[in-house]
$ cat query_38.txt   # compact mmCIF, C-alpha atoms and all ligand atoms
# COMPACT_ATOMS: atom_id res chain seq x y z
CA MET A 4 22.33 158.32 293.88
CA THR A 5 24.06 161.30 295.42
CA MET A 6 27.64 161.82 296.51
CA ALA A 7 26.38 161.48 300.12
CA ASP A 8 25.28 157.91 299.36
CA ILE A 9 28.72 157.11 298.02
CA VAL A 10 30.49 158.15 301.21
CA SER A 11 28.02 156.55 303.66
CA GLY A 12 25.75 153.55 304.11
CA ALA A 13 25.69 150.14 302.42
CA THR A 14 27.18 151.48 299.18
CA ALA A 15 30.15 153.01 300.96
CA ASP A 16 30.72 149.89 303.07
CA ALA A 17 30.73 147.61 300.03
CA ILE A 18 33.07 149.89 298.09
CA ALA A 19 35.43 150.20 301.06
CA LEU A 20 35.71 146.38 301.26
CA ASP A 21 36.36 146.14 297.51
CA ASN A 22 38.95 148.86 297.68
CA THR A 23 40.75 147.22 300.57
CA TYR A 24 40.73 143.60 299.48
CA ALA A 25 40.12 143.46 295.71
CA ALA A 26 42.99 144.32 293.35
CA HIS A 27 42.51 147.74 291.76
CA ASN A 28 42.56 146.55 288.15
CA TYR A 29 39.21 148.24 287.39
CA SER A 30 37.81 151.68 288.10
CA PRO A 31 34.08 151.00 288.63
CA LEU A 32 31.28 153.51 289.06
CA PRO A 33 30.05 153.73 292.68
CA VAL A 34 27.05 151.45 292.08
CA VAL A 35 26.85 148.25 294.14
CA ALA A 36 24.59 145.73 292.43
CA SER A 37 22.68 143.24 294.53
CA HIS A 38 19.94 142.00 292.20
CA ALA A 39 19.12 142.08 288.49
CA ARG A 40 16.27 141.10 286.18
CA GLY A 41 15.96 141.68 282.44
CA ALA A 42 17.58 145.01 281.62
CA TRP A 43 17.48 146.33 285.18
CA ILE A 44 19.97 146.22 288.05
CA THR A 45 19.01 147.02 291.67
CA ASP A 46 21.69 148.24 294.06
CA VAL A 47 22.20 147.59 297.77
CA GLU A 48 20.15 150.70 298.61
CA GLY A 49 17.21 149.51 296.50
CA ARG A 50 17.80 151.97 293.64
CA ARG A 51 17.12 150.68 290.11
CA TYR A 52 19.30 151.32 287.08
CA LEU A 53 18.76 150.54 283.42
CA ASP A 54 21.77 148.44 282.47
CA CYS A 55 23.11 149.77 279.18
CA LEU A 56 26.33 147.79 279.31
CA ALA A 57 25.11 144.18 279.77
CA ALA A 58 28.46 143.08 281.23
CA TYR A 59 30.23 143.94 277.95
CA SER A 60 27.66 141.81 276.04
CA ALA A 61 27.82 138.80 278.38
CA VAL A 62 24.21 139.45 279.38
CA ASN A 63 22.78 139.71 275.86
CA PHE A 64 19.71 137.63 276.75
CA GLY A 65 18.88 139.62 279.88
CA HIS A 66 19.69 139.24 283.54
CA HIS A 67 18.16 136.07 284.97
CA ASN A 68 16.87 134.85 281.61
CA ASP A 69 14.25 132.30 282.73
CA GLU A 70 15.18 129.65 280.18
CA ILE A 71 18.90 129.87 280.93
CA VAL A 72 18.41 129.96 284.70
CA ALA A 73 16.08 126.92 284.53
CA THR A 74 18.81 124.99 282.68
CA ALA A 75 21.38 126.08 285.26
CA HIS A 76 19.18 124.90 288.14
CA ARG A 77 18.54 121.56 286.44
CA GLN A 78 22.21 121.00 285.77
CA LEU A 79 23.29 122.11 289.27
CA ASP A 80 21.22 119.23 290.59
CA ALA A 81 22.68 116.76 288.12
CA VAL A 82 26.45 117.19 287.75
CA THR A 83 28.52 120.37 287.51
CA LEU A 84 32.14 119.33 286.95
CA VAL A 85 33.98 116.17 286.01
CA SER A 86 36.90 117.78 284.18
CA ARG A 87 37.85 116.46 280.79
CA ALA A 88 39.37 113.36 282.37
CA PHE A 89 35.94 111.81 281.77
CA HIS A 90 33.12 112.41 279.34
CA SER A 91 29.87 114.10 280.37
CA ASP A 92 26.46 113.78 278.78
CA GLN A 93 26.41 117.58 278.17
CA LEU A 94 29.60 118.23 276.20
CA GLY A 95 28.78 116.41 272.97
CA PRO A 96 25.31 117.92 272.55
CA PHE A 97 26.68 121.41 273.26
CA CYS A 98 29.57 121.11 270.79
CA ALA A 99 27.28 119.63 268.12
CA ALA A 100 24.76 122.45 268.58
CA LEU A 101 27.38 125.22 268.56
CA ALA A 102 29.22 123.76 265.57
CA GLY A 103 25.84 123.66 263.77
CA LEU A 104 25.10 127.30 264.64
CA CYS A 105 28.50 128.32 263.22
CA GLY A 106 28.35 126.02 260.19
CA LYS A 107 31.62 124.40 261.29
CA ASP A 108 32.73 120.88 262.23
CA MET A 109 34.19 121.18 265.72
CA VAL A 110 34.34 123.16 268.96
CA LEU A 111 37.15 123.67 271.47
CA PRO A 112 35.43 124.81 274.68
CA MET A 113 37.24 127.09 277.12
CA ASN A 114 36.14 129.57 279.82
CA SER A 115 37.13 133.23 279.44
CA GLY A 116 37.30 135.19 276.21
CA ALA A 117 41.05 135.66 276.57
CA GLU A 118 41.43 131.89 276.81
CA ALA A 119 39.50 131.46 273.57
CA VAL A 120 41.83 133.97 271.90
CA GLU A 121 44.96 132.28 273.30
CA SER A 122 43.58 128.93 272.18
CA GLY A 123 42.82 130.27 268.70
CA LEU A 124 46.40 131.58 268.42
CA LYS A 125 47.80 128.21 269.48
CA VAL A 126 45.59 126.37 267.00
CA ALA A 127 46.67 128.74 264.21
CA ARG A 128 50.36 128.24 264.99
CA LYS A 129 49.91 124.44 265.16
CA TRP A 130 47.97 124.50 261.88
CA GLY A 131 50.79 126.53 260.39
CA ALA A 132 53.37 123.97 261.53
CA ASP A 133 51.42 120.78 260.75
CA VAL A 134 49.35 121.73 257.70
CA LYS A 135 50.85 124.80 256.02
CA GLY A 136 54.43 123.69 256.64
CA VAL A 137 55.72 126.87 258.33
CA PRO A 138 59.18 126.16 259.83
CA ALA A 139 59.20 125.68 263.65
CA GLY A 140 59.14 128.94 265.58
CA MET A 141 58.73 131.10 262.47
CA ALA A 142 54.93 131.64 262.37
CA ASN A 143 53.52 135.16 262.36
CA ILE A 144 49.97 136.40 262.88
CA ILE A 145 48.58 139.71 261.57
CA VAL A 146 46.40 141.77 263.93
CA ALA A 147 44.76 145.19 263.76
CA ASP A 148 45.91 148.38 265.48
CA ASN A 149 43.77 149.34 268.50
CA ASN A 150 42.55 145.76 268.89
CA PHE A 151 41.17 144.41 272.13
CA HIS A 152 41.36 140.66 272.58
CA GLY A 153 41.94 140.33 276.35
CA ARG A 154 44.68 140.79 278.89
CA THR A 155 47.06 137.81 278.93
CA ILE A 156 50.77 138.30 278.25
CA SER A 157 50.55 137.02 274.65
CA ILE A 158 47.46 139.09 273.91
CA VAL A 159 48.85 142.35 275.31
CA SER A 160 52.00 141.58 273.33
CA PHE A 161 50.14 142.79 270.23
CA SER A 162 48.02 145.49 271.87
CA SER A 163 48.50 149.17 270.99
CA ASP A 164 47.27 150.18 274.46
CA THR A 165 50.24 151.44 276.47
CA THR A 166 48.39 150.97 279.79
CA ALA A 167 47.69 147.32 278.98
CA ARG A 168 51.38 146.76 278.15
CA GLY A 169 53.26 149.01 280.59
CA GLY A 170 55.47 146.94 282.89
CA PHE A 171 54.26 143.58 281.59
CA GLY A 172 57.10 142.71 279.21
CA PRO A 173 58.90 140.74 277.92
CA PHE A 174 56.30 140.09 275.27
CA THR A 175 55.46 137.19 272.98
CA PRO A 176 56.93 137.61 269.49
CA GLY A 177 55.26 136.66 266.20
CA PHE A 178 52.63 139.37 265.70
CA ARG A 179 52.36 142.21 263.19
CA SER A 180 49.87 145.01 263.67
CA VAL A 181 48.42 146.98 260.74
CA PRO A 182 45.69 149.66 260.60
CA PHE A 183 42.14 148.39 261.19
CA GLY A 184 39.88 148.69 258.17
CA ASN A 185 42.73 148.49 255.65
CA ALA A 186 42.72 145.08 253.94
CA GLU A 187 45.54 146.06 251.58
CA ALA A 188 47.78 146.68 254.62
CA VAL A 189 46.98 143.12 255.73
CA ALA A 190 47.76 141.77 252.25
CA ALA A 191 51.10 143.62 252.26
CA ALA A 192 52.02 142.27 255.72
CA ILE A 193 51.41 138.61 254.83
CA ASP A 194 54.46 136.50 254.00
CA ASP A 195 55.11 132.76 253.57
CA ASN A 196 55.15 132.26 257.36
CA THR A 197 51.86 134.02 258.07
CA VAL A 198 49.41 131.57 259.61
CA ALA A 199 46.48 133.81 260.53
CA VAL A 200 44.81 137.20 260.44
CA LEU A 201 43.05 137.92 263.73
CA ILE A 202 40.44 140.70 263.79
CA GLU A 203 37.38 141.92 265.64
CA PRO A 204 34.81 142.41 262.82
CA ILE A 205 33.73 145.54 264.68
CA GLN A 206 36.24 146.89 267.20
CA GLY A 207 34.42 147.14 270.54
CA GLU A 208 36.80 148.51 273.15
CA ALA A 209 38.31 150.86 270.54
CA GLY A 210 34.95 152.68 270.50
CA ILE A 211 32.57 150.51 268.40
CA ILE A 212 34.49 151.05 265.17
CA VAL A 213 32.68 149.66 262.10
CA PRO A 214 35.08 148.98 259.21
CA PRO A 215 34.45 149.98 255.57
CA ASP A 216 32.07 147.60 253.78
CA ASP A 217 34.77 146.07 251.60
CA TYR A 218 37.13 145.28 254.51
CA LEU A 219 35.92 141.86 255.64
CA PRO A 220 35.07 140.54 252.14
CA ARG A 221 38.53 141.58 250.96
CA LEU A 222 40.21 140.01 254.02
CA ARG A 223 38.33 136.81 253.25
CA GLN A 224 39.62 136.88 249.68
CA VAL A 225 43.22 137.64 250.69
CA CYS A 226 43.29 134.94 253.37
CA THR A 227 41.93 132.31 250.97
CA GLN A 228 44.39 133.29 248.22
CA ARG A 229 47.40 133.25 250.56
CA ASN A 230 46.42 130.13 252.57
CA VAL A 231 46.09 132.07 255.83
CA LEU A 232 43.41 131.48 258.47
CA LEU A 233 40.90 134.29 258.99
CA ILE A 234 40.09 134.34 262.71
CA ALA A 235 37.09 136.46 263.77
CA ASP A 236 37.01 137.43 267.43
CA GLU A 237 33.22 137.61 267.89
CA ILE A 238 33.49 137.47 271.67
CA GLN A 239 31.81 140.86 272.07
CA SER A 240 30.30 141.42 268.60
CA GLY A 241 28.74 137.98 268.22
CA LEU A 242 25.68 136.11 269.45
CA ALA A 243 23.00 138.59 268.33
CA ARG A 244 24.59 141.83 269.59
CA THR A 245 24.70 143.49 266.16
CA GLY A 246 21.40 142.19 264.75
CA HIS A 247 22.86 139.00 263.26
CA THR A 248 24.19 135.86 264.92
CA PHE A 249 27.70 137.07 264.04
CA ALA A 250 28.88 140.54 263.06
CA CYS A 251 30.64 138.89 260.08
CA ASP A 252 27.16 138.01 258.74
CA HIS A 253 26.58 141.71 257.92
CA TRP A 254 29.13 141.35 255.14
CA GLY A 255 28.30 137.75 254.22
CA VAL A 256 31.77 136.67 255.36
CA VAL A 257 32.51 133.28 256.92
CA PRO A 258 35.84 133.23 258.78
CA ASP A 259 37.88 130.04 259.15
CA VAL A 260 37.76 130.32 262.93
CA TYR A 261 35.17 131.91 265.24
CA LEU A 262 36.23 132.95 268.73
CA LEU A 263 33.20 133.15 271.01
CA GLY A 264 32.69 133.97 274.68
CA LYS A 265 30.74 136.30 276.93
CA ALA A 266 27.04 135.72 276.01
CA LEU A 267 27.78 132.05 275.25
CA GLY A 268 27.63 131.50 279.03
CA GLY A 269 24.21 133.14 279.22
CA GLY A 270 25.42 135.66 281.80
CA VAL A 271 25.63 132.78 284.27
CA VAL A 272 28.99 131.03 283.79
CA PRO A 273 32.22 131.80 281.92
CA LEU A 274 32.06 129.84 278.67
CA SER A 275 34.10 130.51 275.54
CA ALA A 276 34.93 128.54 272.43
CA VAL A 277 37.07 128.22 269.34
CA VAL A 278 34.92 126.95 266.47
CA ALA A 279 36.38 125.72 263.18
CA ASP A 280 36.44 122.88 260.69
CA ARG A 281 38.15 119.54 261.35
CA ASP A 282 41.16 120.33 259.15
CA ILE A 283 41.95 123.18 261.57
CA LEU A 284 40.85 122.08 265.07
CA GLY A 285 41.90 118.51 264.26
CA VAL A 286 45.54 119.60 264.69
CA LEU A 287 45.13 119.39 268.49
CA HIS A 288 45.98 116.08 270.13
CA PRO A 289 45.70 114.95 273.77
CA GLY A 290 47.99 116.88 276.08
CA GLU A 291 48.61 119.77 273.69
CA HIS A 292 45.92 122.05 275.10
CA GLY A 293 43.28 122.01 277.82
CA SER A 294 41.57 123.54 280.81
CA THR A 295 40.13 121.93 283.96
CA PHE A 296 36.83 123.75 283.65
CA GLY A 297 36.70 123.92 279.83
CA GLY A 298 33.49 122.30 278.63
CA ASN A 299 32.27 121.41 282.13
CA PRO A 300 28.71 120.00 282.27
CA LEU A 301 27.18 123.09 283.88
CA ALA A 302 28.63 125.44 281.27
CA ALA A 303 27.90 123.01 278.42
CA ALA A 304 24.24 122.69 279.45
CA ILE A 305 23.89 126.47 279.63
CA GLY A 306 25.70 126.84 276.31
CA SER A 307 23.26 124.41 274.67
CA THR A 308 20.34 126.52 275.86
CA VAL A 309 22.04 129.68 274.55
CA VAL A 310 22.47 128.02 271.15
CA ASP A 311 18.76 126.98 271.19
CA ILE A 312 17.82 130.60 271.89
CA LEU A 313 20.04 131.85 269.06
CA GLN A 314 18.66 129.25 266.63
CA ARG A 315 15.21 130.84 267.10
CA GLY A 316 16.54 134.20 265.92
CA GLU A 317 14.32 136.37 268.11
CA PHE A 318 17.22 138.24 269.73
CA GLN A 319 18.94 138.87 266.39
CA SER A 320 15.69 140.48 265.10
CA ARG A 321 15.18 142.47 268.30
CA SER A 322 18.71 143.81 268.14
CA ALA A 323 18.35 144.76 264.47
CA GLU A 324 15.00 146.55 264.93
CA LEU A 325 15.65 148.20 268.28
CA GLY A 326 19.19 149.02 267.17
CA LEU A 327 17.81 151.25 264.43
CA HIS A 328 15.71 152.98 267.06
CA LEU A 329 18.63 153.39 269.49
CA HIS A 330 20.89 154.81 266.78
CA ALA A 331 18.22 157.23 265.54
CA ARG A 332 17.55 158.47 269.08
CA LEU A 333 21.27 158.89 269.83
CA ARG A 334 21.85 160.66 266.50
CA SER A 335 19.17 163.18 267.48
CA LEU A 336 21.65 164.37 270.14
CA ILE A 337 24.33 165.24 267.57
CA GLY A 338 24.93 168.96 267.97
CA ARG A 339 23.57 168.80 271.54
CA GLY A 340 26.74 167.45 273.13
CA VAL A 341 27.18 164.36 270.95
CA LEU A 342 29.70 164.60 268.11
CA ALA A 343 29.18 161.24 266.39
CA VAL A 344 27.37 157.93 266.81
CA ARG A 345 28.68 154.60 265.49
CA GLY A 346 27.76 150.95 265.73
CA MET A 347 25.32 148.29 264.64
CA GLY A 348 22.30 146.73 266.27
CA LEU A 349 21.99 147.36 269.99
CA TRP A 350 25.64 148.38 270.15
CA ALA A 351 26.42 152.07 269.89
CA GLY A 352 29.36 154.32 270.67
CA ALA A 353 28.55 157.99 271.15
CA ASP A 354 31.45 160.45 271.01
CA ILE A 355 30.91 163.27 273.49
CA ASP A 356 32.11 166.81 273.07
CA PRO A 357 35.17 166.72 275.39
CA ARG A 358 34.32 170.23 276.63
CA LEU A 359 31.36 168.69 278.52
CA GLY A 360 33.59 166.44 280.63
CA THR A 361 35.32 163.09 280.45
CA GLY A 362 33.47 159.92 279.54
CA LYS A 363 33.89 158.78 283.14
CA GLU A 364 32.31 161.99 284.50
CA LEU A 365 29.37 161.68 282.12
CA SER A 366 28.95 157.97 282.97
CA LEU A 367 28.78 158.94 286.65
CA ALA A 368 26.20 161.64 285.89
CA LEU A 369 24.16 159.14 283.87
CA ALA A 370 24.28 156.64 286.75
CA GLU A 371 22.85 159.40 288.96
CA HIS A 372 19.99 159.53 286.45
CA GLY A 373 19.53 155.75 286.62
CA VAL A 374 21.35 154.64 283.46
CA LEU A 375 24.51 152.52 283.53
CA VAL A 376 26.95 152.93 280.63
CA LYS A 377 30.70 152.63 280.24
CA ASP A 378 33.13 155.10 278.80
CA THR A 379 35.89 153.97 276.50
CA HIS A 380 38.85 155.90 275.13
CA GLY A 381 38.22 159.07 277.09
CA SER A 382 35.15 160.57 275.52
CA THR A 383 33.16 157.74 273.93
CA LEU A 384 30.14 156.36 275.80
CA ARG A 385 29.17 152.82 274.92
CA PHE A 386 25.52 151.75 274.88
CA ALA A 387 25.12 147.96 274.78
CA PRO A 388 22.00 147.04 276.75
CA PRO A 389 20.69 143.52 277.23
CA LEU A 390 18.75 142.66 274.08
CA VAL A 391 15.53 142.35 276.13
CA ILE A 392 15.42 146.14 276.48
CA THR A 393 12.22 147.72 275.14
CA SER A 394 11.73 150.67 272.83
CA ASP A 395 10.28 152.73 275.71
CA GLU A 396 13.28 151.94 277.88
CA ILE A 397 15.61 153.07 275.08
CA ASP A 398 13.65 156.35 274.86
CA TRP A 399 13.92 156.79 278.60
CA ALA A 400 17.68 156.11 278.63
CA VAL A 401 18.33 158.55 275.78
CA LYS A 402 16.19 161.17 277.55
CA GLN A 403 18.37 160.82 280.65
CA PHE A 404 21.43 161.16 278.41
CA ALA A 405 19.98 164.38 276.95
CA TYR A 406 19.45 165.77 280.49
CA VAL A 407 23.02 164.91 281.45
CA LEU A 408 24.42 166.58 278.32
CA ALA A 409 22.28 169.67 278.94
CA GLU A 410 23.37 169.84 282.59
CA ALA A 411 27.02 169.49 281.56
CA GLY A 412 26.77 172.12 278.78
C1 LIG B 501 36.63 141.26 271.37
C2 LIG B 501 37.05 140.72 272.70
N1 LIG B 501 37.87 139.66 272.75
C3 LIG B 501 38.27 139.13 273.91
C4 LIG B 501 37.85 139.67 275.12
C5 LIG B 501 38.33 139.07 276.40
O1 LIG B 501 37.31 138.40 277.08
P1 LIG B 501 37.44 138.08 278.64
O2 LIG B 501 37.35 139.38 279.36
O3 LIG B 501 36.29 137.15 278.93
O4 LIG B 501 38.76 137.41 278.81
C6 LIG B 501 37.00 140.78 275.11
C7 LIG B 501 36.55 141.39 276.38
O5 LIG B 501 36.03 142.47 276.43
C8 LIG B 501 36.59 141.32 273.88
O6 LIG B 501 35.79 142.38 273.81
$ encode --input "query_38.txt" --output "structure tokens"
Amino acid sequence: MTMADIVSGATADAIALDNTYAAHNYSPLPVVASHARGAWITDVEGRRYLDCLAAYSAVNFGHHNDEIVATAHRQLDAVTLVSRAFHSDQLGPFCAALAGLCGKDMVLPMNSGAEAVESGLKVARKWGADVKGVPAGMANIIVADNNFHGRTISIVSFSSDTTARGGFGPFTPGFRSVPFGNAEAVAAAIDDNTVAVLIEPIQGEAGIIVPPDDYLPRLRQVCTQRNVLLIADEIQSGLARTGHTFACDHWGVVPDVYLLGKALGGGVVPLSAVVADRDILGVLHPGEHGSTFGGNPLAAAIGSTVVDILQRGEFQSRSAELGLHLHARLRSLIGRGVLAVRGMGLWAGADIDPRLGTGKELSLALAEHGVLVKDTHGSTLRFAPPLVITSDEIDWAVKQFAYVLAEAG
């Protein structure tokens, strides 16, 4: 890709249409995808790129995963949507399988990740009112500074990101934010009306921030002692990304509520879920919550196949093994333009020396070398490839990164 391609030809035409008719709520790289298989994306000019973002972990099992696509085709020819006004033969099996994977009793299926978070917050407040006995309208939920849980009004109400909040008030009350990684700050913030602690086990958008080893175990202890729900947003960290089914597994912690999304839909459909035991999800009654597409037969069938894949464990092992390789290769660039590398499994954040350019500039340079990554927080580059990536492809991607750093230096 050269700058000439960006201002002319099929790439330029596609970008011009986007820029004219699509709201400018993203700032994409000038790459126009038209086809993808495995870990590779082909653009409208026929150029191939190694996808090291995997749609923010929604494509964990690879683009056009054969097993998932076969399920989608089968279900497209059967029935795709009946809404929840009727039953479908796909919903029960999906919920049973996902509940089993999580070791929980029940599933509330939704669509986007933000919807799963919103739904989890509603369930926690209802649990507080019906089970814990918190007075009406008094519930509070503890969250972590620099969280990312989505973009709805309630979710940005407890975001520390000024861009996500600017101009969108008034905000939803009832949230308290404390530093991430500090369980004692959570303990100190809990009072009699606290219904939940909501955290990402590893903060993704904040720059792949891994907490201290005692953080999650201590949160688990505090939440149990104080009768507060521990809600783990595993929408980006879960479903094999970090080398385990859930990031919480690294610390042997089982939250009360899992929030899942992204890869649950196999990179084919939006599918998210709140997963918990009956004494928690059982607080919802007809009419109190819902979504027209939530749990539709197409998504449920795909979700069942995703759970089957995860039950086999092959992607968890791949992510663990290849993750070690990715981290070692990225760490070899420390002192050569990289300041620090963080993460787990095939999920790495590399902090770049800001003197070499912004994260966005380096992402653009990497795209020119055939590797797609995403910057976050100015000078962190995030590597989160589909888990089908090979060791050789990782070597190749890191080599391109080394060239880009050398060129920028
Ligand atoms: C941890 C986490 N929670 C929630 C979301 C929101 O998901 P969605 O974009 O599907 O609404 C994201 C998206 O990046 C996320 O990373």
$ closest_atom_pairs --input "query_38.txt" --of "chain A" --to "ligand LIG 501 (chain B)" --cutoff "10 Å" --atoms "all atoms listed in the file" --output "JSON lines"
{"residue": "A:Ala58", "atom": "CA", "partner": "B:LIG501", "partner_atom": "O5", "distance": 9.0}
{"residue": "A:Tyr59", "atom": "CA", "partner": "B:LIG501", "partner_atom": "O5", "distance": 6.2}
{"residue": "A:Ser60", "atom": "CA", "partner": "B:LIG501", "partner_atom": "O5", "distance": 8.4}
{"residue": "A:Ala61", "atom": "CA", "partner": "B:LIG501", "partner_atom": "O3", "distance": 8.6}
{"residue": "A:Asn114", "atom": "CA", "partner": "B:LIG501", "partner_atom": "O3", "distance": 7.6}
{"residue": "A:Ser115", "atom": "CA", "partner": "B:LIG501", "partner_atom": "O3", "distance": 4.0}
{"residue": "A:Gly116", "atom": "CA", "partner": "B:LIG501", "partner_atom": "O1", "distance": 3.3}
{"residue": "A:Ala117", "atom": "CA", "partner": "B:LIG501", "partner_atom": "O4", "distance": 3.7}
{"residue": "A:Glu118", "atom": "CA", "partner": "B:LIG501", "partner_atom": "O4", "distance": 6.4}
{"residue": "A:Ala119", "atom": "CA", "partner": "B:LIG501", "partner_atom": "C3", "distance": 7.8}
{"residue": "A:Val120", "atom": "CA", "partner": "B:LIG501", "partner_atom": "C3", "distance": 6.6}
{"residue": "A:Glu121", "atom": "CA", "partner": "B:LIG501", "partner_atom": "C3", "distance": 9.6}
{"residue": "A:Asn150", "atom": "CA", "partner": "B:LIG501", "partner_atom": "C1", "distance": 7.8}
{"residue": "A:Phe151", "atom": "CA", "partner": "B:LIG501", "partner_atom": "C2", "distance": 5.6}
{"residue": "A:His152", "atom": "CA", "partner": "B:LIG501", "partner_atom": "N1", "distance": 3.6}
{"residue": "A:Gly153", "atom": "CA", "partner": "B:LIG501", "partner_atom": "C5", "distance": 3.8}
{"residue": "A:Arg154", "atom": "CA", "partner": "B:LIG501", "partner_atom": "O4", "distance": 6.8}
{"residue": "A:Thr155", "atom": "CA", "partner": "B:LIG501", "partner_atom": "O4", "distance": 8.3}
{"residue": "A:Ile158", "atom": "CA", "partner": "B:LIG501", "partner_atom": "C3", "distance": 9.2}
{"residue": "A:Ile202", "atom": "CA", "partner": "B:LIG501", "partner_atom": "C1", "distance": 8.5}
{"residue": "A:Glu203", "atom": "CA", "partner": "B:LIG501", "partner_atom": "C1", "distance": 5.8}
{"residue": "A:Pro204", "atom": "CA", "partner": "B:LIG501", "partner_atom": "C1", "distance": 8.8}
{"residue": "A:Ile205", "atom": "CA", "partner": "B:LIG501", "partner_atom": "C1", "distance": 8.5}
{"residue": "A:Gln206", "atom": "CA", "partner": "B:LIG501", "partner_atom": "C1", "distance": 7.0}
{"residue": "A:Gly207", "atom": "CA", "partner": "B:LIG501", "partner_atom": "O6", "distance": 5.9}
{"residue": "A:Glu208", "atom": "CA", "partner": "B:LIG501", "partner_atom": "O6", "distance": 6.2}
{"residue": "A:Ala209", "atom": "CA", "partner": "B:LIG501", "partner_atom": "O6", "distance": 9.4}
{"residue": "A:Ala235", "atom": "CA", "partner": "B:LIG501", "partner_atom": "C1", "distance": 9.0}
{"residue": "A:Asp236", "atom": "CA", "partner": "B:LIG501", "partner_atom": "C1", "distance": 5.5}
{"residue": "A:Glu237", "atom": "CA", "partner": "B:LIG501", "partner_atom": "C1", "distance": 6.1}
{"residue": "A:Ile238", "atom": "CA", "partner": "B:LIG501", "partner_atom": "C2", "distance": 4.9}
{"residue": "A:Gln239", "atom": "CA", "partner": "B:LIG501", "partner_atom": "O6", "distance": 4.6}
{"residue": "A:Ser240", "atom": "CA", "partner": "B:LIG501", "partner_atom": "C1", "distance": 6.9}
{"residue": "A:Gly241", "atom": "CA", "partner": "B:LIG501", "partner_atom": "C1", "distance": 9.1}
{"residue": "A:Leu262", "atom": "CA", "partner": "B:LIG501", "partner_atom": "N1", "distance": 8.0}
{"residue": "A:Leu263", "atom": "CA", "partner": "B:LIG501", "partner_atom": "N1", "distance": 8.2}
{"residue": "A:Gly264", "atom": "CA", "partner": "B:LIG501", "partner_atom": "O3", "distance": 6.4}
{"residue": "A:Lys265", "atom": "CA", "partner": "B:LIG501", "partner_atom": "O3", "distance": 6.0}
{"residue": "A:Ala266", "atom": "CA", "partner": "B:LIG501", "partner_atom": "O3", "distance": 9.8}
{"residue": "A:Pro273", "atom": "CA", "partner": "B:LIG501", "partner_atom": "O3", "distance": 7.4}
{"residue": "A:Leu274", "atom": "CA", "partner": "B:LIG501", "partner_atom": "O3", "distance": 8.4}
{"residue": "A:Ser275", "atom": "CA", "partner": "B:LIG501", "partner_atom": "O3", "distance": 7.8}
$ residues_near_point --input "query_38.txt" --point "(22.1, 173.4, 277.7)" --cutoff "12 Å" --atoms "all atoms listed in the file" --output "PyMOL selection string"
chain A and resi 336+338-340+359+405-412
$ residues_around --input "query_38.txt" --residues "Ala102 in chain A" --least-positions-apart "4" --cutoff "10 Å" --atoms "all atoms listed in the file" --output "list of chain:residue names"
A:Pro96, A:Phe97, A:Cys98, A:Gly106, A:Lys107, A:Asp108, A:Met109, A:Val110, A:Leu111, A:Val277, A:Val278, A:Ala279, A:Asp280, A:Val310
$ residues_around --input "query_38.txt" --residues "Ala75 in chain A" --least-positions-apart "2" --cutoff "9 Å" --atoms "only C-alpha atoms" --output "list in words"
Glu70, Ile71, Val72, Ala73, Arg77, Gln78, Leu79, Asp80, Val271, Leu301, Ala302, Ala304 and Ile305 of chain A
$ write_last_selection --input "query_38.txt" --atoms "C-alpha atoms" --output "short mmCIF file (atom, residue, chain, number, x, y, z; two decimals), in the coordinates of the input"
data_model
loop_
_atom_site.label_atom_id
_atom_site.label_comp_id
_atom_site.auth_asym_id
_atom_site.auth_seq_id
_atom_site.Cartn_x
_atom_site.Cartn_y
_atom_site.Cartn_z
CA GLU A 70 15.18 129.65 280.18
CA ILE A 71 18.90 129.87 280.93
CA VAL A 72 18.41 129.96 284.70
CA ALA A 73 16.08 126.92 284.53
CA ARG A 77 18.54 121.56 286.44
CA GLN A 78 22.21 121.00 285.77
CA LEU A 79 23.29 122.11 289.27
CA ASP A 80 21.22 119.23 290.59
CA VAL A 271 25.63 132.78 284.27
CA LEU A 301 27.18 123.09 283.88
CA ALA A 302 28.63 125.44 281.27
CA ALA A 304 24.24 122.69 279.45
CA ILE A 305 23.89 126.47 279.63
#
$ atom_distance --input "query_38.txt" --atom1 "CA of Arg334 in chain A" --atom2 "CA of Asn185 in chain A"
26.5 Å
